[in-house]
Amino acid sequence: MGARLFLRAGRERSVERGHPWLFSRAIARVEGSPQAGEVVAVYAADGRFLAWGDYSPASQIRVRLITRRDTPPDADFWRGRLRRAIAARARLPLAGPTDALRLVNAESDGLPGLVVDRYGEVIVLQVLTAGMEARRTSLVAWLVELLAPRTLYERSDAEVRRKEGLPLRKGLLHGEAPPIPLEVRENGLRFLVDVVNGHKSGFYLDQRENRERLRRWVAAAGGGTLLNVFAYTGGFSLYALAGGANAITDVDSSAEALALGERIRQLNGFGAAEARTIHEDAFTSLRRLRREGARFDFVVLDPPKFAFTRRDVQKAARGYKDINLQAFHLLRDGGFLLTFSCSGAIDAALFRKIVFGAALDAGREVQVVGTMRQGADHPVALTFPEGEYLKGLICRVVA
Ligand code: SAH
């Protein structure tokens, strides 16, 4: 019989409410000696069976809960969860053609520690927990069976794996080596994605719907200029150009990302005349542009995660305030700021306060005209509010 794990009194509540994480401090004792990644049975203090979960001895998140049914998860169970997640994406109201999207979003799809992204015929897998690592070979077989991909590539090189005591790893799992870069379509626009060397699985899929919104705001404004800060491969800029923007400026600290962005613009028929790239630290660029008296009709701020834990929140808040303050100074009257935070530790209410503080200090009168989140292929289970990490505001500078 497998290992059994008993909770401290009162700690069964969150399990009964469907939260997928059990922290080490909730656990009273472990019967048996489970290995990393082993499926364990979880019991309340009074001995009632609660759920099955993946055991991870190295992580503070000691168990990722999988199911509350009587029998432990077997191959049919996992195949069913994968099939359900994939089938839900087939019914998303995506504007076409779009062939780059997230198929499996970890906890929120009932598959903790597993991320699967589609880039056309190339599937990219991220295995992020000890439990998923233990069934990795089976996952590869099930995904090949369900998706019949030309390429299945692994990008398990995310830092979070260290918390699970797992090494970082990437490489080909099945099929042909992926083209570098490969071409995909998003809302009818053509993108180049490097799934081997790019960030995350190659592309920031979570911003698809927000990029589309920028296109519509630019079109409604009859064009204008865009400053795209933390641009990566210029996703927001391409949409702005497609919406009729007259000129875009991409700022990023990655020269490779900016260079790929230039190729992407060419591929979509936009010339170098309307585009400028600045390979520099964004904090420096924002200040310099302000000193030079630059002004824009649109500014996008999409920084990397500033807060990794609750302890980072204050310092992160200062970082967000700083860049938003600079951005408000750089906007023309009537201009728009699309500003984001992807730090889970900073919630939507705090983020709005930070942006408010920045507007006050910049002496600008600002309205919120829209709110943004991650796209529908990145669902958030109601039982798992931690999954809601990306938040954004569309702000109009009135005067
Ligand atoms: N908006 C992009 C995604 C941005 S991700 C899109 O839609 O695809 C964040 C980007 O910030 C990354 O490209 C990273 O290279 C860049 N970055 C991180 N720190 C930076 C810094 N200090 N200055 C400039 N760019 C930075």
# chains A, B, ... in the order shown; residues from 1 in each chain; ligands from 1
call {"tool": "select_by_dssp", "arguments": {"residues": "segment 51-279 of chain A", "states": "alpha helix (DSSP H)", "output": "PyMOL selection string"}}
result
chain A and resi 75-90+130-134+136-147+160-163+208-220+235-242+255-267
call {"tool": "residues_near_ligand", "arguments": {"ligand": "ligand 1", "cutoff": "9 Å", "atoms": "only C-alpha atoms and all ligand atoms", "output": "PyMOL selection string"}}
result
chain A and resi 199+203-208+210-211+228-237+251-258+279-285+300-305
call {"tool": "write_last_selection", "arguments": {"atoms": "C-alpha atoms", "output": "PDB file, in the first residue's frame"}}
result
ATOM      1  CA  HIS A 199      11.650  33.077 -23.154  1.00  0.00           C
ATOM      2  CA  PHE A 203       6.372  33.396 -26.759  1.00  0.00           C
ATOM      3  CA  TYR A 204       4.146  35.338 -24.341  1.00  0.00           C
ATOM      4  CA  LEU A 205       0.919  33.623 -25.321  1.00  0.00           C
ATOM      5  CA  ASP A 206      -0.910  35.081 -22.316  1.00  0.00           C
ATOM      6  CA  GLN A 207      -0.967  38.583 -23.893  1.00  0.00           C
ATOM      7  CA  ARG A 208      -2.753  37.612 -27.136  1.00  0.00           C
ATOM      8  CA  ASN A 210      -4.443  42.362 -24.896  1.00  0.00           C
ATOM      9  CA  ARG A 211      -2.323  42.795 -28.006  1.00  0.00           C
ATOM     10  CA  ASN A 228       6.616  49.539 -26.290  1.00  0.00           C
ATOM     11  CA  VAL A 229       8.669  49.007 -23.142  1.00  0.00           C
ATOM     12  CA  PHE A 230       9.784  45.446 -22.294  1.00  0.00           C
ATOM     13  CA  ALA A 231       8.857  44.676 -25.886  1.00  0.00           C
ATOM     14  CA  TYR A 232      10.347  41.153 -26.262  1.00  0.00           C
ATOM     15  CA  THR A 233       9.810  40.385 -30.001  1.00  0.00           C
ATOM     16  CA  GLY A 234       7.564  43.409 -30.466  1.00  0.00           C
ATOM     17  CA  GLY A 235       4.187  41.691 -30.221  1.00  0.00           C
ATOM     18  CA  PHE A 236       2.297  44.784 -29.095  1.00  0.00           C
ATOM     19  CA  SER A 237       4.129  46.884 -31.697  1.00  0.00           C
ATOM     20  CA  VAL A 251      12.723  48.863 -25.754  1.00  0.00           C
ATOM     21  CA  ASP A 252      14.197  45.616 -24.420  1.00  0.00           C
ATOM     22  CA  SER A 253      17.343  44.339 -22.739  1.00  0.00           C
ATOM     23  CA  SER A 254      17.443  41.309 -25.076  1.00  0.00           C
ATOM     24  CA  ALA A 255      19.175  42.023 -28.392  1.00  0.00           C
ATOM     25  CA  GLU A 256      18.015  38.644 -29.793  1.00  0.00           C
ATOM     26  CA  ALA A 257      14.372  39.416 -29.024  1.00  0.00           C
ATOM     27  CA  LEU A 258      14.587  42.864 -30.662  1.00  0.00           C
ATOM     28  CA  HIS A 279      18.567  47.790 -26.716  1.00  0.00           C
ATOM     29  CA  GLU A 280      18.892  49.079 -23.171  1.00  0.00           C
ATOM     30  CA  ASP A 281      17.694  48.756 -19.608  1.00  0.00           C
ATOM     31  CA  ALA A 282      14.149  50.097 -19.587  1.00  0.00           C
ATOM     32  CA  PHE A 283      14.626  52.189 -16.437  1.00  0.00           C
ATOM     33  CA  THR A 284      17.457  54.019 -18.205  1.00  0.00           C
ATOM     34  CA  SER A 285      15.558  54.425 -21.484  1.00  0.00           C
ATOM     35  CA  VAL A 300       2.866  49.766 -23.258  1.00  0.00           C
ATOM     36  CA  LEU A 301       4.603  48.627 -20.055  1.00  0.00           C
ATOM     37  CA  ASP A 302       4.857  44.836 -19.831  1.00  0.00           C
ATOM     38  CA  PRO A 303       7.727  44.181 -17.424  1.00  0.00           C
ATOM     39  CA  PRO A 304       8.952  40.789 -16.230  1.00  0.00           C
ATOM     40  CA  LYS A 305       7.873  39.601 -12.817  1.00  0.00           C
TER      41      LYS A 305
END
call {"tool": "closest_residue", "arguments": {"among": "A:Ile346, A:Val369, A:Ala327, A:Leu337", "to": "Gln314 of chain A", "atoms": "only C-alpha atoms"}}
result
A:Ile346
call {"tool": "residues_around", "arguments": {"residues": "Glu154 of chain A", "least_positions_apart": "5", "cutoff": "12 Å", "atoms": "only C-alpha atoms", "output": "PyMOL selection string"}}
result
chain A and resi 114-117+122-128+133+136-137+139-140+168-175+177-178+195-197+200-202
call {"tool": "write_last_selection", "arguments": {"atoms": "N, CA, C and O atoms", "output": "compact mmCIF listing (two decimals), in the first residue's frame"}}
result
# COMPACT_ATOMS: atom_id res chain seq x y z
N LEU A 114 2.07 21.00 -14.94
CA LEU A 114 2.19 20.68 -16.37
C LEU A 114 1.68 21.84 -17.23
O LEU A 114 0.54 22.29 -17.06
N VAL A 115 2.54 22.28 -18.13
CA VAL A 115 2.14 23.31 -19.09
C VAL A 115 2.41 22.76 -20.49
O VAL A 115 3.49 22.23 -20.75
N VAL A 116 1.41 22.87 -21.36
CA VAL A 116 1.58 22.42 -22.74
C VAL A 116 1.14 23.55 -23.67
O VAL A 116 0.01 24.03 -23.56
N ASP A 117 2.04 23.98 -24.54
CA ASP A 117 1.73 25.05 -25.49
C ASP A 117 1.80 24.52 -26.91
O ASP A 117 2.66 23.71 -27.24
N VAL A 122 4.07 22.23 -33.71
CA VAL A 122 5.09 22.01 -32.67
C VAL A 122 4.43 22.17 -31.30
O VAL A 122 3.77 23.17 -31.03
N ILE A 123 4.62 21.16 -30.45
CA ILE A 123 4.08 21.21 -29.10
C ILE A 123 5.25 21.36 -28.12
O ILE A 123 6.25 20.66 -28.24
N VAL A 124 5.09 22.30 -27.18
CA VAL A 124 6.15 22.52 -26.19
C VAL A 124 5.61 22.16 -24.81
O VAL A 124 4.53 22.61 -24.40
N LEU A 125 6.39 21.34 -24.12
CA LEU A 125 6.00 20.79 -22.83
C LEU A 125 6.87 21.41 -21.74
O LEU A 125 8.09 21.51 -21.90
N GLN A 126 6.24 21.80 -20.62
CA GLN A 126 7.00 22.22 -19.43
C GLN A 126 6.56 21.35 -18.26
O GLN A 126 5.38 21.34 -17.90
N VAL A 127 7.51 20.63 -17.69
CA VAL A 127 7.26 19.75 -16.55
C VAL A 127 7.86 20.44 -15.33
O VAL A 127 9.07 20.63 -15.25
N LEU A 128 7.02 20.87 -14.38
CA LEU A 128 7.50 21.80 -13.36
C LEU A 128 7.48 21.27 -11.94
O LEU A 128 7.91 21.96 -11.02
N GLU A 133 7.20 15.13 -13.16
CA GLU A 133 8.49 14.56 -13.56
C GLU A 133 8.44 13.02 -13.50
O GLU A 133 8.94 12.33 -14.39
N ARG A 136 6.68 11.63 -16.51
CA ARG A 136 7.06 12.34 -17.73
C ARG A 136 7.03 11.45 -18.97
O ARG A 136 6.53 11.85 -20.03
N THR A 137 7.57 10.25 -18.87
CA THR A 137 7.60 9.36 -20.04
C THR A 137 6.18 9.05 -20.52
O THR A 137 5.90 9.06 -21.72
N LEU A 139 3.54 10.96 -19.99
CA LEU A 139 2.97 12.20 -20.53
C LEU A 139 3.34 12.37 -22.00
O LEU A 139 2.51 12.76 -22.83
N VAL A 140 4.59 12.07 -22.31
CA VAL A 140 5.04 12.19 -23.70
C VAL A 140 4.21 11.26 -24.58
O VAL A 140 3.69 11.67 -25.62
N LEU A 168 17.32 21.67 -14.35
CA LEU A 168 16.72 22.33 -15.51
C LEU A 168 17.07 21.51 -16.76
O LEU A 168 18.17 20.98 -16.87
N ARG A 169 16.10 21.40 -17.67
CA ARG A 169 16.34 20.53 -18.82
C ARG A 169 15.56 21.04 -20.02
O ARG A 169 14.44 21.55 -19.89
N LYS A 170 16.14 20.91 -21.21
CA LYS A 170 15.36 21.14 -22.42
C LYS A 170 15.88 20.24 -23.53
O LYS A 170 17.03 19.79 -23.49
N GLY A 171 15.00 19.97 -24.51
CA GLY A 171 15.44 19.12 -25.61
C GLY A 171 14.27 18.48 -26.34
O GLY A 171 13.11 18.57 -25.91
N LEU A 172 14.60 17.83 -27.44
CA LEU A 172 13.59 17.18 -28.27
C LEU A 172 13.08 15.91 -27.60
O LEU A 172 13.88 15.10 -27.13
N LEU A 173 11.76 15.73 -27.55
CA LEU A 173 11.17 14.54 -26.93
C LEU A 173 10.62 13.57 -27.97
O LEU A 173 10.57 12.37 -27.74
N HIS A 174 10.17 14.13 -29.09
CA HIS A 174 9.52 13.28 -30.11
C HIS A 174 9.49 14.03 -31.44
O HIS A 174 9.26 15.24 -31.46
N GLY A 175 9.68 13.28 -32.53
CA GLY A 175 9.51 13.86 -33.87
C GLY A 175 10.74 14.62 -34.34
O GLY A 175 11.85 14.38 -33.88
N ALA A 177 13.27 17.87 -35.17
CA ALA A 177 13.77 19.07 -34.46
C ALA A 177 12.92 20.27 -34.90
O ALA A 177 12.54 20.37 -36.07
N PRO A 178 12.59 21.18 -34.00
CA PRO A 178 11.77 22.33 -34.39
C PRO A 178 12.54 23.30 -35.26
O PRO A 178 13.73 23.51 -35.03
N VAL A 195 11.31 28.38 -30.10
CA VAL A 195 10.91 27.56 -28.94
C VAL A 195 12.13 26.98 -28.21
O VAL A 195 11.99 26.49 -27.09
N VAL A 196 13.30 27.05 -28.84
CA VAL A 196 14.49 26.48 -28.19
C VAL A 196 15.19 27.51 -27.30
O VAL A 196 15.57 27.21 -26.17
N ASN A 197 15.33 28.74 -27.82
CA ASN A 197 16.09 29.76 -27.08
C ASN A 197 15.24 30.91 -26.54
O ASN A 197 15.75 31.75 -25.81
N LYS A 200 10.30 31.61 -21.77
CA LYS A 200 9.23 30.67 -21.45
C LYS A 200 9.22 29.52 -22.46
O LYS A 200 10.24 28.87 -22.66
N SER A 201 8.10 29.29 -23.14
CA SER A 201 8.10 28.25 -24.17
C SER A 201 8.39 28.85 -25.54
O SER A 201 8.27 28.19 -26.56
N GLY A 202 8.77 30.13 -25.57
CA GLY A 202 9.13 30.79 -26.82
C GLY A 202 8.40 32.10 -27.06
O GLY A 202 8.88 32.97 -27.77
call {"tool": "atom_distance", "arguments": {"atom1": "atom CA of Ala141 of chain A", "atom2": "atom CA of Ser108 of chain A"}}
result
22.2 Å
call {"tool": "select_by_dssp", "arguments": {"residues": "segment 165-361 of chain A", "states": "strand (DSSP E)", "output": "ChimeraX atom specification"}}
result
/A:169-175,182-186,189-193,225-229,247-252,275-279,296-301,331-341
call {"tool": "residues_around", "arguments": {"residues": "segment 64-67 of chain A", "least_positions_apart": "2", "cutoff": "10 Å", "atoms": "only C-alpha atoms", "output": "PyMOL selection string"}}
result
chain A and resi 15+18-23+37+39-42+50-56+61-62+69-73+77-78+107+110-113+129-131
call {"tool": "write_last_selection", "arguments": {"atoms": "C-alpha atoms", "output": "PDB file, in the first residue's frame"}}
result
ATOM      1  CA  VAL A  15      -8.693  20.458   0.509  1.00  0.00           C
ATOM      2  CA  GLY A  18     -10.679  22.134  -3.861  1.00  0.00           C
ATOM      3  CA  HIS A  19      -7.508  24.166  -3.383  1.00  0.00           C
ATOM      4  CA  PRO A  20      -4.734  22.195  -5.128  1.00  0.00           C
ATOM      5  CA  TRP A  21      -1.832  22.971  -2.755  1.00  0.00           C
ATOM      6  CA  LEU A  22      -0.903  21.490   0.616  1.00  0.00           C
ATOM      7  CA  PHE A  23       1.921  23.279   2.421  1.00  0.00           C
ATOM      8  CA  GLY A  37       6.750  12.499  -7.176  1.00  0.00           C
ATOM      9  CA  VAL A  39       1.114   9.666  -5.438  1.00  0.00           C
ATOM     10  CA  VAL A  40       0.085   9.750  -1.766  1.00  0.00           C
ATOM     11  CA  ALA A  41      -3.291   9.425  -0.027  1.00  0.00           C
ATOM     12  CA  VAL A  42      -4.217  12.450   2.095  1.00  0.00           C
ATOM     13  CA  LEU A  50      -9.637  13.418   1.541  1.00  0.00           C
ATOM     14  CA  ALA A  51      -7.716  13.208  -1.733  1.00  0.00           C
ATOM     15  CA  TRP A  52      -4.816  11.874  -3.808  1.00  0.00           C
ATOM     16  CA  GLY A  53      -1.867  14.080  -4.543  1.00  0.00           C
ATOM     17  CA  ASP A  54       1.710  14.287  -5.864  1.00  0.00           C
ATOM     18  CA  TYR A  55       4.306  14.282  -3.103  1.00  0.00           C
ATOM     19  CA  SER A  56       7.218  16.722  -3.339  1.00  0.00           C
ATOM     20  CA  ILE A  61       4.199  22.997  -1.445  1.00  0.00           C
ATOM     21  CA  ARG A  62       4.553  19.441  -0.165  1.00  0.00           C
ATOM     22  CA  ARG A  69     -12.213  10.268  -6.051  1.00  0.00           C
ATOM     23  CA  ASP A  70     -11.711   6.940  -4.173  1.00  0.00           C
ATOM     24  CA  THR A  71      -9.193   5.301  -6.472  1.00  0.00           C
ATOM     25  CA  PRO A  72      -5.764   6.729  -7.251  1.00  0.00           C
ATOM     26  CA  PRO A  73      -5.237   8.348 -10.641  1.00  0.00           C
ATOM     27  CA  PHE A  77      -7.573   9.359 -15.501  1.00  0.00           C
ATOM     28  CA  TRP A  78      -4.586  11.360 -16.778  1.00  0.00           C
ATOM     29  CA  GLU A 107      -3.341  23.608 -11.676  1.00  0.00           C
ATOM     30  CA  GLY A 110      -6.399  19.910 -12.950  1.00  0.00           C
ATOM     31  CA  LEU A 111      -2.833  19.110 -14.033  1.00  0.00           C
ATOM     32  CA  PRO A 112      -0.529  20.740 -11.433  1.00  0.00           C
ATOM     33  CA  GLY A 113       2.987  21.313 -12.695  1.00  0.00           C
ATOM     34  CA  THR A 129       6.876  19.510 -10.364  1.00  0.00           C
ATOM     35  CA  ALA A 130       8.206  16.242  -8.953  1.00  0.00           C
ATOM     36  CA  GLY A 131       4.870  14.528  -9.625  1.00  0.00           C
TER      37      GLY A 131
END
call {"tool": "atom_distance", "arguments": {"atom1": "atom CA of Glu12 of chain A", "atom2": "atom CA of Asp46 of chain A"}}
result
9.8 Å
call {"tool": "closest_residue", "arguments": {"among": "A:Phe306, A:Cys395, A:Glu274, A:Gly293", "to": "Gly334 of chain A", "atoms": "only C-alpha atoms"}}
result
A:Cys395
call {"tool": "residues_around", "arguments": {"residues": "Arg4 of chain A", "least_positions_apart": "6", "cutoff": "9 Å", "atoms": "only C-alpha atoms", "output": "PDB file with N, CA, C and O atoms, in the first residue's frame"}}
result
ATOM      1  N   ARG A  29       1.664  14.194  10.018  1.00  0.00           N
ATOM      2  CA  ARG A  29       2.599  13.063   9.927  1.00  0.00           C
ATOM      3  C   ARG A  29       2.427  12.319   8.613  1.00  0.00           C
ATOM      4  O   ARG A  29       1.376  12.426   7.959  1.00  0.00           O
ATOM      5  N   VAL A  30       3.468  11.581   8.265  1.00  0.00           N
ATOM      6  CA  VAL A  30       3.475  10.790   7.034  1.00  0.00           C
ATOM      7  C   VAL A  30       3.696   9.332   7.417  1.00  0.00           C
ATOM      8  O   VAL A  30       4.636   9.019   8.145  1.00  0.00           O
ATOM      9  N   GLU A  31       2.814   8.460   6.957  1.00  0.00           N
ATOM     10  CA  GLU A  31       2.995   7.009   7.170  1.00  0.00           C
ATOM     11  C   GLU A  31       3.571   6.398   5.905  1.00  0.00           C
ATOM     12  O   GLU A  31       2.991   6.568   4.829  1.00  0.00           O
ATOM     13  N   GLY A  32       4.670   5.678   6.051  1.00  0.00           N
ATOM     14  CA  GLY A  32       5.372   5.153   4.880  1.00  0.00           C
ATOM     15  C   GLY A  32       6.479   6.127   4.511  1.00  0.00           C
ATOM     16  O   GLY A  32       6.665   7.153   5.175  1.00  0.00           O
ATOM     17  N   SER A  33       7.227   5.803   3.452  1.00  0.00           N
ATOM     18  CA  SER A  33       8.313   6.716   3.058  1.00  0.00           C
ATOM     19  C   SER A  33       8.202   7.011   1.570  1.00  0.00           C
ATOM     20  O   SER A  33       8.879   6.401   0.745  1.00  0.00           O
ATOM     21  N   PRO A  34       7.292   7.959   1.241  1.00  0.00           N
ATOM     22  CA  PRO A  34       7.054   8.255  -0.180  1.00  0.00           C
ATOM     23  C   PRO A  34       8.275   8.875  -0.846  1.00  0.00           C
ATOM     24  O   PRO A  34       8.996   9.660  -0.240  1.00  0.00           O
ATOM     25  N   VAL A  40       0.384  10.103  -3.153  1.00  0.00           N
ATOM     26  CA  VAL A  40       0.085   9.750  -1.766  1.00  0.00           C
ATOM     27  C   VAL A  40      -1.403   9.961  -1.499  1.00  0.00           C
ATOM     28  O   VAL A  40      -2.076  10.737  -2.185  1.00  0.00           O
ATOM     29  N   ALA A  41      -1.903   9.231  -0.470  1.00  0.00           N
ATOM     30  CA  ALA A  41      -3.291   9.425  -0.027  1.00  0.00           C
ATOM     31  C   ALA A  41      -3.279  10.409   1.132  1.00  0.00           C
ATOM     32  O   ALA A  41      -2.474  10.278   2.053  1.00  0.00           O
ATOM     33  N   VAL A  42      -4.176  11.405   1.071  1.00  0.00           N
ATOM     34  CA  VAL A  42      -4.217  12.450   2.095  1.00  0.00           C
ATOM     35  C   VAL A  42      -5.452  12.261   2.967  1.00  0.00           C
ATOM     36  O   VAL A  42      -6.568  12.079   2.447  1.00  0.00           O
ATOM     37  N   TYR A  43      -5.252  12.296   4.289  1.00  0.00           N
ATOM     38  CA  TYR A  43      -6.332  12.085   5.258  1.00  0.00           C
ATOM     39  C   TYR A  43      -6.459  13.284   6.190  1.00  0.00           C
ATOM     40  O   TYR A  43      -5.465  13.947   6.508  1.00  0.00           O
TER      41      TYR A  43
END
call {"tool": "closest_residue", "arguments": {"among": "A:Ala381, A:Gly223, A:Glu186, A:Gln374", "to": "Ala106 of chain A", "atoms": "only C-alpha atoms"}}
result
A:Ala381
call {"tool": "atom_distance", "arguments": {"atom1": "atom CA of Arg265 of chain A", "atom2": "atom CA of Gly244 of chain A"}}
result
13.4 Å
call {"tool": "closest_residue", "arguments": {"among": "A:Tyr239, A:Tyr320, A:Phe336, A:Tyr153", "to": "Lys353 of chain A", "atoms": "only C-alpha atoms"}}
result
A:Tyr320
call {"tool": "closest_residue", "arguments": {"among": "A:Ala220, A:Leu227, A:Ala36, A:Ile86", "to": "Met132 of chain A", "atoms": "only C-alpha atoms"}}
result
A:Ala36
call {"tool": "closest_residue", "arguments": {"among": "A:Arg118, A:Leu146, A:Leu101, A:Ile354", "to": "Lys315 of chain A", "atoms": "only C-alpha atoms"}}
result
A:Ile354
call {"tool": "residues_around", "arguments": {"residues": "Arg310 of chain A", "least_positions_apart": "3", "cutoff": "10 Å", "atoms": "only C-alpha atoms", "output": "PDB file with N, CA, C and O atoms, in the first residue's frame"}}
result
ATOM      1  N   ALA A 307       8.000  40.815  -8.442  1.00  0.00           N
ATOM      2  CA  ALA A 307       7.854  40.214  -7.104  1.00  0.00           C
ATOM      3  C   ALA A 307       7.729  38.701  -7.240  1.00  0.00           C
ATOM      4  O   ALA A 307       6.799  38.198  -7.862  1.00  0.00           O
ATOM      5  N   VAL A 313       7.296  42.329  -2.264  1.00  0.00           N
ATOM      6  CA  VAL A 313       6.210  43.190  -2.725  1.00  0.00           C
ATOM      7  C   VAL A 313       6.554  44.680  -2.660  1.00  0.00           C
ATOM      8  O   VAL A 313       6.311  45.419  -3.613  1.00  0.00           O
ATOM      9  N   GLN A 314       7.167  45.117  -1.544  1.00  0.00           N
ATOM     10  CA  GLN A 314       7.463  46.553  -1.398  1.00  0.00           C
ATOM     11  C   GLN A 314       8.438  47.050  -2.456  1.00  0.00           C
ATOM     12  O   GLN A 314       8.217  48.085  -3.084  1.00  0.00           O
ATOM     13  N   ALA A 316       9.101  45.614  -5.295  1.00  0.00           N
ATOM     14  CA  ALA A 316       8.450  45.506  -6.599  1.00  0.00           C
ATOM     15  C   ALA A 316       7.515  46.689  -6.819  1.00  0.00           C
ATOM     16  O   ALA A 316       7.480  47.271  -7.909  1.00  0.00           O
ATOM     17  N   SER A 343       3.182  39.790 -11.630  1.00  0.00           N
ATOM     18  CA  SER A 343       3.583  39.282 -10.315  1.00  0.00           C
ATOM     19  C   SER A 343       2.345  38.791  -9.577  1.00  0.00           C
ATOM     20  O   SER A 343       1.462  39.589  -9.250  1.00  0.00           O
ATOM     21  N   GLY A 344       2.294  37.502  -9.285  1.00  0.00           N
ATOM     22  CA  GLY A 344       1.159  36.957  -8.550  1.00  0.00           C
ATOM     23  C   GLY A 344       1.007  37.582  -7.170  1.00  0.00           C
ATOM     24  O   GLY A 344      -0.100  37.729  -6.662  1.00  0.00           O
ATOM     25  N   ALA A 345       2.147  37.989  -6.576  1.00  0.00           N
ATOM     26  CA  ALA A 345       2.113  38.537  -5.212  1.00  0.00           C
ATOM     27  C   ALA A 345       1.516  39.948  -5.164  1.00  0.00           C
ATOM     28  O   ALA A 345       1.222  40.459  -4.092  1.00  0.00           O
ATOM     29  N   ILE A 346       1.340  40.590  -6.327  1.00  0.00           N
ATOM     30  CA  ILE A 346       0.725  41.930  -6.388  1.00  0.00           C
ATOM     31  C   ILE A 346      -0.666  41.756  -6.982  1.00  0.00           C
ATOM     32  O   ILE A 346      -0.808  41.407  -8.150  1.00  0.00           O
TER      33      ILE A 346
END
